[in-house]
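**Student:** Structure supplied as my_file13.cif; contents: mmCIF, C-alpha atoms and all ligand atoms.
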data_data
loop_
_atom_site.label_atom_id
_atom_site.label_comp_id
_atom_site.auth_asym_id
_atom_site.auth_seq_id
_atom_site.Cartn_x
_atom_site.Cartn_y
_atom_site.Cartn_z
CA MET A 17 122.11 69.17 190.39
CA GLN A 18 124.00 68.43 187.19
CA GLY A 19 120.70 68.51 185.25
CA GLU A 20 119.80 71.83 186.81
CA ALA A 21 123.17 73.35 185.93
CA GLN A 22 122.78 72.18 182.34
CA HIS A 23 119.31 73.68 182.18
CA ILE A 24 120.55 77.05 183.45
CA ARG A 25 123.34 77.03 180.87
CA ARG A 26 120.81 76.44 178.08
CA VAL A 27 118.43 79.08 179.36
CA GLU A 28 121.20 81.66 179.38
CA GLY A 29 121.86 80.71 175.77
CA VAL A 30 118.30 81.51 174.67
CA LYS A 31 118.26 84.17 171.94
CA ARG A 32 116.84 87.42 173.20
CA LYS A 33 115.35 88.07 169.74
CA MET A 34 111.54 88.41 169.75
CA SER A 35 109.65 86.00 167.50
CA THR A 36 107.13 87.17 164.91
CA VAL A 37 103.69 86.74 166.46
CA TYR A 38 100.73 86.11 164.14
CA ARG A 39 97.40 87.27 165.56
CA SER A 40 94.97 86.60 162.71
CA ILE A 41 94.72 84.69 159.44
CA LYS A 42 95.09 88.01 157.57
CA GLU A 43 98.65 88.39 158.91
CA LEU A 44 99.83 85.01 157.61
CA PRO A 45 102.39 84.95 154.77
CA ALA A 46 100.82 84.41 151.33
CA GLU A 47 103.77 82.35 150.08
CA GLU A 48 103.23 78.61 149.66
CA TYR A 49 106.32 76.41 150.06
CA LEU A 50 104.48 73.08 149.67
CA ALA A 51 103.41 72.87 146.04
CA PRO A 52 99.99 71.47 145.09
CA GLY A 53 99.92 68.19 143.20
CA HIS A 54 101.60 66.09 145.90
CA ARG A 55 100.19 62.63 146.49
CA LEU A 56 99.06 62.83 150.14
CA CYS A 57 95.49 61.50 150.54
CA ALA A 58 92.56 63.86 150.07
CA GLY A 59 91.75 65.38 153.45
CA CYS A 60 95.19 64.60 154.94
CA THR A 61 95.78 67.10 157.77
CA ALA A 62 99.51 66.34 157.75
CA ALA A 63 99.56 68.22 154.41
CA THR A 64 97.75 71.16 156.07
CA ALA A 65 100.27 71.11 158.92
CA ILE A 66 103.25 71.12 156.52
CA ARG A 67 101.79 74.12 154.64
CA GLN A 68 101.44 76.00 157.91
CA ILE A 69 104.91 75.01 159.13
CA LEU A 70 106.58 76.17 155.90
CA LYS A 71 104.65 79.46 155.82
CA ALA A 72 105.88 80.22 159.33
CA ALA A 73 109.45 79.09 158.63
CA GLY A 74 109.85 80.92 155.30
CA GLU A 75 112.22 80.35 152.42
CA ASN A 76 115.44 80.36 154.42
CA THR A 77 114.80 76.85 155.63
CA VAL A 78 116.19 73.36 155.14
CA VAL A 79 113.89 70.43 155.88
CA VAL A 80 115.24 66.98 156.69
CA SER A 81 112.53 64.39 156.24
CA ALA A 82 112.42 60.86 157.64
CA THR A 83 110.52 58.38 155.50
CA GLY A 84 106.76 58.20 156.07
CA CYS A 85 103.60 59.45 154.34
CA VAL A 86 104.81 63.04 154.02
CA GLU A 87 108.15 62.05 152.55
CA VAL A 88 107.01 59.44 150.03
CA ALA A 89 103.97 61.40 148.86
CA THR A 90 105.84 64.67 148.24
CA SER A 91 108.94 63.40 146.48
CA PHE A 92 107.73 61.09 143.75
CA PHE A 93 110.77 60.95 141.41
CA PRO A 94 111.45 63.05 139.35
CA GLN A 95 109.13 65.56 141.05
CA SER A 96 109.19 67.29 144.42
CA ALA A 97 106.49 69.33 146.15
CA TRP A 98 109.07 71.15 148.32
CA ARG A 99 109.89 74.75 147.46
CA VAL A 100 112.63 74.89 150.10
CA PRO A 101 115.83 72.80 150.21
CA TRP A 102 114.78 69.35 151.35
CA VAL A 103 116.68 66.17 152.21
CA HIS A 104 115.23 62.70 152.38
CA ILE A 105 117.06 60.44 154.80
CA ALA A 106 116.40 57.09 156.40
CA PHE A 107 113.67 56.31 158.89
CA GLU A 108 115.84 56.54 161.98
CA ASN A 109 118.23 59.43 161.48
CA ALA A 110 116.35 62.69 160.80
CA ALA A 111 117.74 64.34 163.93
CA ALA A 112 121.29 63.13 163.19
CA VAL A 113 121.28 64.50 159.63
CA ALA A 114 119.71 67.78 160.79
CA SER A 115 122.50 68.00 163.41
CA GLY A 116 125.12 67.62 160.68
CA ILE A 117 123.56 70.38 158.57
CA GLU A 118 123.24 72.71 161.54
CA SER A 119 126.87 72.09 162.63
CA ALA A 120 128.18 72.58 159.07
CA MET A 121 126.32 75.88 158.69
CA LYS A 122 127.61 77.04 162.07
CA ALA A 123 131.20 76.21 161.04
CA LEU A 124 130.83 78.06 157.71
CA TYR A 125 129.43 81.06 159.54
CA ARG A 126 132.24 81.03 162.11
CA LYS A 127 134.85 80.87 159.32
CA ARG A 128 133.04 83.74 157.58
CA LYS A 129 132.38 81.60 154.51
CA THR A 130 128.67 82.45 154.68
CA GLN A 131 126.54 85.17 156.20
CA GLU A 132 123.42 83.00 156.04
CA ARG A 133 121.62 81.88 159.19
CA ILE A 134 119.23 79.14 158.13
CA ASN A 135 116.34 77.40 159.86
CA VAL A 136 116.96 73.67 160.21
CA ILE A 137 113.83 71.57 160.61
CA ALA A 138 113.85 67.80 161.09
CA LEU A 139 110.51 66.20 160.30
CA GLY A 140 109.38 62.72 161.27
CA GLY A 141 106.13 60.81 161.69
CA ASP A 142 105.24 59.19 165.00
CA GLY A 143 106.88 55.89 163.96
CA GLY A 144 110.01 57.78 162.89
CA THR A 145 110.04 59.76 166.14
CA PHE A 146 108.51 57.84 169.06
CA ASP A 147 110.01 54.52 168.00
CA ILE A 148 112.85 54.28 165.54
CA GLY A 149 114.17 57.86 165.54
CA LEU A 150 114.12 58.45 169.29
CA GLN A 151 117.82 57.66 169.83
CA ALA A 152 119.02 60.17 167.22
CA LEU A 153 116.57 62.76 168.55
CA SER A 154 117.76 62.23 172.13
CA GLY A 155 121.40 62.62 171.06
CA ALA A 156 120.69 65.84 169.16
CA MET A 157 118.78 67.34 172.10
CA GLU A 158 121.50 66.31 174.53
CA ARG A 159 124.18 67.95 172.34
CA GLY A 160 122.15 71.16 172.26
CA GLN A 161 121.87 71.32 168.45
CA ASP A 162 120.16 74.49 167.28
CA PHE A 163 117.25 73.02 165.32
CA LEU A 164 113.52 72.42 165.42
CA TYR A 165 112.33 68.83 165.47
CA ILE A 166 108.72 68.40 164.33
CA CYS A 167 106.81 65.17 164.81
CA TYR A 168 103.62 64.99 162.76
CA ASP A 169 101.62 62.42 164.63
CA ASN A 170 98.92 60.43 162.82
CA GLU A 171 99.15 57.82 165.59
CA ALA A 172 100.32 54.84 163.51
CA TYR A 173 102.68 53.73 160.74
CA MET A 174 100.28 54.91 158.06
CA ASN A 175 102.47 54.79 154.99
CA THR A 176 103.10 51.06 155.32
CA GLY A 177 99.53 50.02 156.12
CA ILE A 178 98.33 51.43 159.49
CA GLN A 179 100.49 49.46 161.92
CA ARG A 180 100.54 50.52 165.58
CA SER A 181 103.30 52.69 166.99
CA SER A 182 104.04 53.78 170.55
CA ALA A 183 102.00 56.91 169.73
CA THR A 184 98.82 54.95 168.96
CA PRO A 185 96.31 55.74 171.71
CA CYS A 186 95.02 53.00 173.98
CA TYR A 187 92.06 51.04 172.48
CA ALA A 188 92.53 52.32 168.91
CA ALA A 189 92.29 49.70 166.16
CA THR A 190 95.19 49.31 163.73
CA THR A 191 96.12 46.44 161.43
CA THR A 192 98.57 45.09 164.04
CA CYS A 193 96.24 45.57 167.03
CA PRO A 194 92.86 44.71 165.52
CA PRO A 195 89.97 44.39 167.96
CA GLY A 196 88.48 40.92 168.31
CA LYS A 197 87.80 38.20 170.87
CA LEU A 198 91.25 38.45 172.38
CA SER A 199 91.97 42.12 171.85
CA GLU A 200 90.36 45.50 172.35
CA GLY A 201 92.81 47.28 170.09
CA GLN A 202 95.97 49.03 171.24
CA LYS A 203 96.91 47.85 174.74
CA THR A 204 99.40 50.51 175.79
CA GLU A 205 99.16 54.23 176.50
CA LYS A 206 100.70 56.80 174.18
CA LYS A 207 104.19 57.96 175.17
CA ASP A 208 104.47 61.55 176.38
CA LEU A 209 106.87 62.91 173.74
CA VAL A 210 106.98 66.47 175.05
CA ALA A 211 107.86 65.19 178.55
CA ILE A 212 110.64 63.07 177.05
CA ALA A 213 111.98 66.13 175.21
CA LEU A 214 111.77 68.31 178.31
CA ALA A 215 113.71 65.70 180.28
CA HIS A 216 116.64 66.79 178.06
CA ASN A 217 116.39 70.34 179.47
CA ILE A 218 115.65 71.87 176.08
CA PRO A 219 114.49 75.51 176.01
CA TYR A 220 111.30 75.01 173.98
CA ALA A 221 108.75 72.22 173.44
CA ALA A 222 105.07 72.41 172.55
CA THR A 223 102.05 70.57 171.23
CA ALA A 224 100.08 71.79 168.20
CA CYS A 225 97.35 70.85 165.74
CA PRO A 226 96.64 72.27 162.25
CA SER A 227 93.02 72.92 163.35
CA TYR A 228 94.58 75.88 165.25
CA PRO A 229 96.83 77.39 162.56
CA ILE A 230 97.80 80.60 164.37
CA ASP A 231 98.78 78.67 167.48
CA LEU A 232 100.79 76.18 165.39
CA MET A 233 102.58 78.83 163.33
CA ASN A 234 103.53 80.94 166.34
CA LYS A 235 105.02 77.83 167.92
CA VAL A 236 107.04 77.10 164.78
CA ARG A 237 108.45 80.67 164.95
CA LYS A 238 109.31 80.32 168.63
CA GLY A 239 110.91 76.92 168.11
CA LEU A 240 113.07 78.31 165.32
CA ASP A 241 114.01 81.54 167.09
CA VAL A 242 115.06 79.97 170.37
CA GLU A 243 118.75 79.03 170.52
CA GLY A 244 119.19 75.30 171.01
CA PRO A 245 116.91 72.35 170.38
CA ALA A 246 113.15 72.79 170.14
CA LEU A 247 110.44 70.19 169.64
CA LEU A 248 106.94 70.52 168.25
CA HIS A 249 104.52 67.61 168.56
CA VAL A 250 101.71 68.07 166.04
CA LEU A 251 98.56 65.92 166.06
CA THR A 252 97.52 65.33 162.43
CA PRO A 253 94.20 63.47 162.07
CA CYS A 254 94.37 60.93 159.24
CA PRO A 255 91.11 60.08 157.42
CA THR A 256 92.57 56.87 155.96
CA GLY A 257 93.92 55.35 159.17
CA TRP A 258 91.43 56.80 161.68
CA ARG A 259 88.52 56.10 159.34
CA PHE A 260 86.54 59.31 159.05
CA ASP A 261 85.22 61.29 156.05
CA ILE A 262 87.83 63.32 154.21
CA ASP A 263 86.18 66.66 154.97
CA LEU A 264 86.30 66.15 158.74
CA GLY A 265 90.01 66.29 159.61
CA ILE A 266 90.03 69.85 160.94
CA ASP A 267 86.87 69.21 163.02
CA ILE A 268 88.36 66.02 164.46
CA GLY A 269 91.50 67.97 165.44
CA ARG A 270 89.34 70.61 167.13
CA LEU A 271 87.49 67.90 169.03
CA ALA A 272 90.78 66.35 170.18
CA VAL A 273 91.60 69.73 171.75
CA MET A 274 88.10 70.52 173.03
CA THR A 275 87.66 67.10 174.70
CA GLY A 276 90.93 67.68 176.58
CA LEU A 277 92.63 64.70 174.94
CA TRP A 278 95.09 66.97 173.08
CA PRO A 279 95.84 70.03 175.24
CA LEU A 280 97.66 72.76 173.34
CA TYR A 281 100.52 74.03 175.49
CA GLU A 282 104.13 75.13 175.36
CA ALA A 283 107.05 74.86 177.76
CA VAL A 284 109.50 77.76 177.57
CA ASN A 285 112.66 77.39 179.65
CA GLY A 286 110.89 74.79 181.78
CA VAL A 287 107.72 76.85 182.41
CA THR A 288 104.57 75.26 180.96
CA ARG A 289 101.59 77.33 179.81
CA LEU A 290 98.32 76.39 178.09
CA THR A 291 98.06 78.28 174.78
CA VAL A 292 94.46 77.45 173.84
CA PRO A 293 92.07 77.59 176.82
CA VAL A 294 89.29 75.00 177.10
CA PRO A 295 86.74 76.49 179.52
CA ARG A 296 84.18 73.69 178.88
CA ARG A 297 85.31 70.30 177.67
CA GLU A 298 83.30 68.26 175.19
CA PRO A 299 82.72 64.63 176.28
CA VAL A 300 85.32 62.29 174.72
CA SER A 301 82.50 60.22 173.16
CA ARG A 302 82.10 63.02 170.58
CA TYR A 303 85.71 62.62 169.46
CA LEU A 304 85.72 58.82 169.56
CA GLY A 305 82.32 58.39 167.88
CA GLY A 306 83.47 60.13 164.71
CA GLN A 307 86.26 57.63 164.02
CA GLY A 308 86.04 54.06 162.73
CA ARG A 309 89.18 53.05 164.65
CA PHE A 310 87.19 53.38 167.91
CA LYS A 311 83.89 51.92 166.78
CA HIS A 312 84.41 48.66 168.72
CA LEU A 313 84.71 50.47 172.10
CA LYS A 314 82.55 49.35 175.02
CA GLU A 315 81.04 51.78 177.51
CA GLU A 316 83.80 51.06 180.05
CA ASP A 317 86.50 51.78 177.43
CA VAL A 318 84.96 55.18 176.71
CA ALA A 319 84.81 55.81 180.48
CA ALA A 320 88.52 54.96 180.78
CA ILE A 321 89.35 57.44 178.01
CA GLN A 322 87.16 60.08 179.70
CA LYS A 323 89.22 59.48 182.85
CA ARG A 324 92.35 60.16 180.85
CA SER A 325 90.88 63.47 179.69
CA ASP A 326 90.05 64.32 183.33
CA LEU A 327 93.66 63.70 184.37
CA LEU A 328 94.95 65.90 181.54
CA ALA A 329 92.38 68.57 182.49
CA ALA A 330 93.66 68.60 186.07
CA LYS A 331 97.27 68.78 184.86
CA PHE A 332 96.77 71.62 182.35
CA GLY A 333 93.90 73.56 183.96
CA LEU A 334 91.10 72.73 181.49
CA GLY A 335 87.45 73.30 182.42
CA PRO A 336 84.82 70.70 183.40
CA VAL A 337 82.94 68.56 180.88
CA ARG A 338 79.97 70.33 179.29
CA SER A 339 76.73 68.85 180.60
C1 LIG B 401 114.64 51.03 158.90
C2 LIG B 401 113.31 51.06 158.17
N1 LIG B 401 112.32 50.25 158.60
C3 LIG B 401 111.13 50.26 157.97
C4 LIG B 401 110.94 51.07 156.91
C5 LIG B 401 109.59 51.04 156.18
N2 LIG B 401 108.80 52.21 156.47
C6 LIG B 401 108.76 53.29 155.65
S1 LIG B 401 107.69 54.47 156.15
C7 LIG B 401 107.21 53.52 157.46
C8 LIG B 401 106.11 54.00 158.37
C9 LIG B 401 106.35 55.37 158.89
O1 LIG B 401 105.47 55.64 159.95
P1 LIG B 401 105.44 57.07 160.57
O2 LIG B 401 106.81 57.51 160.93
O3 LIG B 401 104.43 57.09 161.66
O4 LIG B 401 104.98 57.99 159.35
P2 LIG B 401 103.56 57.89 158.56
O5 LIG B 401 103.74 56.91 157.46
O6 LIG B 401 102.53 57.48 159.52
O7 LIG B 401 103.35 59.27 158.03
C10 LIG B 401 107.91 52.31 157.51
C11 LIG B 401 107.72 51.26 158.52
C12 LIG B 401 111.99 51.90 156.47
N3 LIG B 401 111.85 52.73 155.45
N4 LIG B 401 113.16 51.87 157.12
S1 LIG B 402 97.45 57.71 155.20
FE1 LIG B 402 96.81 59.41 156.53
S2 LIG B 402 98.69 60.57 156.99
FE2 LIG B 402 99.10 59.24 155.22
S3 LIG B 402 98.72 60.55 153.44
FE3 LIG B 402 96.82 59.41 153.87
S4 LIG B 402 95.64 60.75 155.23
FE4 LIG B 402 97.75 61.52 155.22
MG MG B 403 102.52 57.87 161.61
#
Give the structure from this file in structure tokens form.

**Tutor:**
Amino acid sequence: MQGEAQHIRRVEGVKRKMSTVYRSIKELPAEEYLAPGHRLCAGCTAATAIRQILKAAGENTVVVSATGCVEVATSFFPQSAWRVPWVHIAFENAAAVASGIESAMKALYRKRKTQERINVIALGGDGGTFDIGLQALSGAMERGQDFLYICYDNEAYMNTGIQRSSATPCYAATTTCPPGKLSEGQKTEKKDLVAIALAHNIPYAATACPSYPIDLMNKVRKGLDVEGPALLHVLTPCPTGWRFDIDLGIDIGRLAVMTGLWPLYEAVNGVTRLTVPVPRREPVSRYLGGQGRFKHLKEEDVAAIQKRSDLLAAKFGLGPVRS
């Protein structure tokens, strides 16, 4: 009952303001807030995701960045690729620092020392979110901080050499779960980050992928416009760690969605809705076969992953597998 009461309180606090809704690529802002010349790998879809996120957020935005590929490769001293105010903090405290900024701005506004209402975005990789940053994120969501937390998920600790995280999917090879005689790669299932966020009764949480830019950017707008905490979980295929050709990242992201392994959905005030329909699923073998990290899989491993897609399809209302 206490949880329900808290949820109702949050829902009543949701801003009534309508978000900007982008319908086509032509409507997207031309401004670029991630400068070229950063040092992310060629073909890195995390870079594509950050471009899309910043376009949707606009210039009135502060980004708080946990360490990881995006942070180290965009802030090589004395340069920075960020054209919005940007703070680098430690691995574990992105949500805590974002909370401080949001509270300080709120206090300045209340005391009439500023008229500015800024977007506060905390950004972390899967290691910085699923593992080491989860406590700070949980605290910020529980306190009801008005910010958007974005996890860009390349499914391992890429920046330090492709070590597994609790977002690495079952059976994937990383340097700390290499396949061999005694191992078939990652042994555990990926945590459900959106479910964890929703267990905090937050008003908005969603999945996204830069292969679907309009969907991603509309979700950024909604996450920023809602009052209270919002979370966006973005799958960002990584050519270096997943071992595929650098021109294939967007296709791999599309296949993650079209195989049903990465359903695109949003939960608004506790009501979940699929945002990109999948009337016919592709078999998961198409997604797995394009990536070196799955090349050791046996037939039964692929079947187990197909089963996972079937469960997700039943949960989110995706179509049957294309024959
Ligand atoms: C407390 C702490 N432990 C370890 C590190 C080293 N470290 C820096 S980035 C990183 C990996 C980050 O992984 P993830 O959050 O998934 O981001 P990615 O590199 O994959 O983009 C690690 C382990 C650190 N900076 N601080
Ligand atoms: S290792 Fe992967 S996530 Fe990191 S910069 Fe390279 S492609 Fe991007
Ligand atoms: Mg990572």

**Student:** What is the distance between atom CA of Cys85 of chain A and atom CA of Ile148 of chain A, in Å to one decimal?

**Tutor:** 15.4 Å

**Student:** Using all atoms listed in the file, determine which residues lie at most 10 Å from Phe310 of chain A, disregarding the query and same-chain residues fewer than 6 positions distant; provide the list as a short mmCIF file (atom, residue, chain, number, x, y, z; two decimals) with C-alpha atoms, keeping the file's coordinate frame.

**Tutor:**
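Written file, around38.cif:
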data_model
loop_
_atom_site.label_atom_id
_atom_site.label_comp_id
_atom_site.auth_asym_id
_atom_site.auth_seq_id
_atom_site.Cartn_x
_atom_site.Cartn_y
_atom_site.Cartn_z
CA CYS A 186 95.02 53.00 173.98
CA TYR A 187 92.06 51.04 172.48
CA ALA A 188 92.53 52.32 168.91
CA ALA A 189 92.29 49.70 166.16
CA THR A 190 95.19 49.31 163.73
CA PRO A 195 89.97 44.39 167.96
CA GLU A 200 90.36 45.50 172.35
CA GLY A 201 92.81 47.28 170.09
CA TRP A 258 91.43 56.80 161.68
CA ARG A 259 88.52 56.10 159.34
CA SER A 301 82.50 60.22 173.16
CA TYR A 303 85.71 62.62 169.46
CA LEU A 304 85.72 58.82 169.56
CA ASP A 317 86.50 51.78 177.43
CA VAL A 318 84.96 55.18 176.71
#

**Student:** Which residue out of A:Gln95, A:Gln131, A:Asn234, A:Thr184 has the minimum interatomic distance to ligand LIG 401 (chain B) when all atoms listed in the file are used?

**Tutor:** A:Thr184

**Student:** Give me, as CSV, each residue of chain A that comes within 6 Å of ligand MG 403 (chain B), together with its shortest interatomic pair and the distance in Å at one decimal, counting only C-alpha atoms and all ligand atoms, with rows ordered by chain and rising residue number.

**Tutor:**
residue,atom,partner,partner_atom,distance
A:Gly141,CA,B:MG403,MG,4.7
A:Asp142,CA,B:MG403,MG,4.5
A:Gly143,CA,B:MG403,MG,5.3
A:Asp169,CA,B:MG403,MG,5.5
A:Asn170,CA,B:MG403,MG,4.6
A:Glu171,CA,B:MG403,MG,5.2
A:Ala172,CA,B:MG403,MG,4.2
A:Tyr173,CA,B:MG403,MG,4.2
A:Met174,CA,B:MG403,MG,5.1

**Student:** In Å, with one decimal, what is the gap from atom CA of Val86 of chain A to atom CA of Glu243 of chain A?

**Tutor:** 26.9 Å

**Student:** Calculated over all atoms listed in the file, which of the candidates A:Ser119, A:Ser35, A:Asn175, A:Ser182 has the smallest distance to ligand LIG 402 (chain B)?

**Tutor:**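 Answer, going by the shortest atom-to-atom distance: A:Asn175.
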
**Student:** Measuring atom to atom with all atoms listed in the file, identify which of A:Leu280, A:Ala320, A:Leu164, A:Ala58 is nearest to Phe260 of chain A.

**Tutor:**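 Comparing A:Leu280, A:Ala320, A:Leu164, A:Ala58 against Phe260 of chain A, the winner is A:Ala58.
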